[in-house]
Amino acid sequence: MLSAPGALYAANVPEGTVLSATQELVRNNGSEPASLDPHKVESNVEFSIIRDLFDGLIAIRRDGSVEPRLAQTWENKDNTVWIFHLRPGITWSDGTAITAKDFVWSWQRLVNPKTASPYASYPGNMHIENAAQIAQGKADPQSLGVRALDDNTLEVRLTQPNAAFLPMLAHPSLVPLDPILINRFGDKWTKPEHIVTSGAYKISEWVVNEKIVAVRNARFWDNGATVINKVTYLPISSETADVNRYRAGEIDITNTIPVNQFAQLKKTLGDQVSVTPLLSTYYYQFNTTKPPFNDPRVRRALNMALDKEIIASKVMGQGQRPAWLASQPEIGGVTLSAPDYAAWPHEKRINEAKKLLKEAGFDDAHPLSFNLLYNTMETHQRIAIAVSSMWKKNLGVEAKLQNQEWKTMLDTMHTGNFDTVRYAWIADYDDASTFLNPFRTGDSENTTQYSNPAYDEALRRAAAAGDLSERGRYYQQAETLLGEDVPAIPVYYYVRTHLVKPWVGGFAPDRLGYFLTKDLYIKQH
């Protein structure tokens, strides 16, 4: 198969638009990134910046079609051997050539257990040859099914066809990195004075907990289609401060909109309020190895006792929907059903939850008590207060609220030092497996440490399914098991909210919630 035809995905300035003489943008990123090494990170906090700095083989357009990026064309044999032909003359921001060998080295580094990447399991989930075994420490990284046929040609071998392969390929963990740079500077390679990039921008300044500044990469292969010359990312976690600085003219695009100001801002700022759909689920995940959360009855009881309709419509109230699936009801062409108890009357669910807790040894005389951890942000606090009060009122359960800064919470989560923790998953691609893979036994993102062989088998069969209908049946099996075992409580399905200045053109987040600075422009104002 050849690459998809069509116009390149870049800043599309309508005819007659008068551009500002100063093409500079300030966007709030919401938190200080844990790292800008694409192999060391796992969230939109980091990927929002990394997507501006690095290009991959392909990208997915907003309409879901595949767009050539560093790869100009590609073909495959039996959907198991893929050959990618790189664009002639592509270089790093320092002018040295980007080659197929850089991809091979980077992907080997991603799956190497020594790298300890949260996305180490991802190439295995793509069914790249030997990737799963390497990530588990059972094979040499050199045996990964990826090789450079020459400087401009990359071969990727899969163990089985994978319908989601191309969409999965667009993930930022799969961008090429410069091996010479990383071997020379180690963990310090992302410092502004060292880093080289392959995307539209390169870092010029990084003041921790204050700002990251990036400027145009003149050597970017598509630099001619870029308009914004400089972008500043702010790490403001306070939603109130975010809005205040937006109103003061210091920010062009906010990270989000506080739920308690949403209605008023909609009334006063009108079209500056942006609300877009997002393939993302907000949830609380359990440490399933730690009593009492090693008992699925306790986990299921806590899930049943939440009034998610109130959380979605009253606590949030921006268009969010109550969630009973880890994935989404409609995703990647399949429709998935929630557990039966999701349709029960609220009182029936509470009564069943009480019964389950009693069976597990908890009642008024011996109440359940645990810690509920969330990362510092007003909205997460509001939801945690609502959730803990529902558990207290409905079940007599005591959830003690704890908050940590983003990077600290991630460390706590990955070391398993928690009872219950607030988390969310934004789709890496438009397919249910992006939400379901993190609950597979041994997956590098499986911080719940949940393990169910029947669940793993359902996902294995889904990946090997011959058509969409069959794949959907296995995804449903997996979701049904999650509804019984509840390693995480789905709370609501997201929407993406921002305040956007009227002079910012080209703003249109995709279904994964991302917008690239290279697609934007500043109108005269």
# chains A, B, ... in the order shown; residues from 1 in each chain; ligands from 1
call {"tool": "residues_around", "arguments": {"residues": "Asp467 of chain A", "least_positions_apart": "2", "cutoff": "12 Å", "atoms": "only C-alpha atoms", "output": "list in words"}}
result
Pro161, Asn162, Ala163, Ala164, Gly333, Val334, Arg461, Ala462, Ala463, Ala464, Ala465, Ser469, Glu470, Arg471, Gly472, Arg473 and Tyr474 of chain A
call {"tool": "select_by_dssp", "arguments": {"residues": "segment 166-342 of chain A", "states": "strand (DSSP E)", "output": "ChimeraX atom specification"}}
result
/A:201-207,211-216,230-234,273-286,321-322,330-331,334-335
call {"tool": "residues_around", "arguments": {"residues": "Ala200 of chain A", "least_positions_apart": "5", "cutoff": "7 Å", "atoms": "only C-alpha atoms", "output": "ChimeraX atom specification"}}
result
/A:52-53,216-217,220,223,518
call {"tool": "atom_distance", "arguments": {"atom1": "atom CA of Pro235 of chain A", "atom2": "atom CA of Asn209 of chain A"}}
result
6.1 Å
call {"tool": "residues_around", "arguments": {"residues": "segment 429-434 of chain A", "least_positions_apart": "2", "cutoff": "7 Å", "atoms": "only C-alpha atoms", "output": "list of chain:residue names"}}
result
A:Pro167, A:Met168, A:Ser327, A:Ile331, A:Gly332, A:Ala427, A:Leu436, A:Asn437
call {"tool": "write_last_selection", "arguments": {"atoms": "N, CA and C atoms", "output": "mmCIF file, in the first residue's frame"}}
result
data_model
loop_
_atom_site.group_PDB
_atom_site.id
_atom_site.type_symbol
_atom_site.label_atom_id
_atom_site.label_comp_id
_atom_site.auth_asym_id
_atom_site.auth_seq_id
_atom_site.Cartn_x
_atom_site.Cartn_y
_atom_site.Cartn_z
ATOM 1 N N PRO A 167 -2.209 3.719 12.802
ATOM 2 C CA PRO A 167 -2.556 4.713 13.831
ATOM 3 C C PRO A 167 -1.634 4.656 15.048
ATOM 4 N N MET A 168 -1.230 3.442 15.461
ATOM 5 C CA MET A 168 -0.333 3.313 16.615
ATOM 6 C C MET A 168 1.047 3.906 16.319
ATOM 7 N N SER A 327 -12.693 1.973 28.391
ATOM 8 C CA SER A 327 -12.577 2.540 27.054
ATOM 9 C C SER A 327 -13.719 3.534 26.851
ATOM 10 N N ILE A 331 -15.862 3.678 19.798
ATOM 11 C CA ILE A 331 -14.453 3.961 19.489
ATOM 12 C C ILE A 331 -13.977 3.039 18.374
ATOM 13 N N GLY A 332 -13.233 3.597 17.439
ATOM 14 C CA GLY A 332 -12.602 2.805 16.388
ATOM 15 C C GLY A 332 -13.558 1.934 15.595
ATOM 16 N N ALA A 427 -6.587 8.560 24.722
ATOM 17 C CA ALA A 427 -6.277 7.582 23.679
ATOM 18 C C ALA A 427 -4.976 7.945 22.965
ATOM 19 N N LEU A 436 -7.397 -0.450 26.834
ATOM 20 C CA LEU A 436 -7.432 -1.768 27.469
ATOM 21 C C LEU A 436 -6.042 -2.350 27.715
ATOM 22 N N ASN A 437 -5.073 -2.033 26.840
ATOM 23 C CA ASN A 437 -3.720 -2.591 27.003
ATOM 24 C C ASN A 437 -3.076 -2.270 28.353
#
call {"tool": "residues_around", "arguments": {"residues": "Leu368 of chain A", "least_positions_apart": "4", "cutoff": "7 Å", "atoms": "only C-alpha atoms", "output": "PyMOL selection string"}}
result
chain A and resi 362+397-398
call {"tool": "closest_residue", "arguments": {"among": "A:Phe515, A:Asp485, A:Pro329, A:Asn287", "to": "Thr412 of chain A", "atoms": "only C-alpha atoms"}}
result
A:Asn287
call {"tool": "closest_residue", "arguments": {"among": "A:Ile522, A:Leu325, A:Leu177, A:Leu372", "to": "Lys101 of chain A", "atoms": "only C-alpha atoms"}}
result
A:Leu177
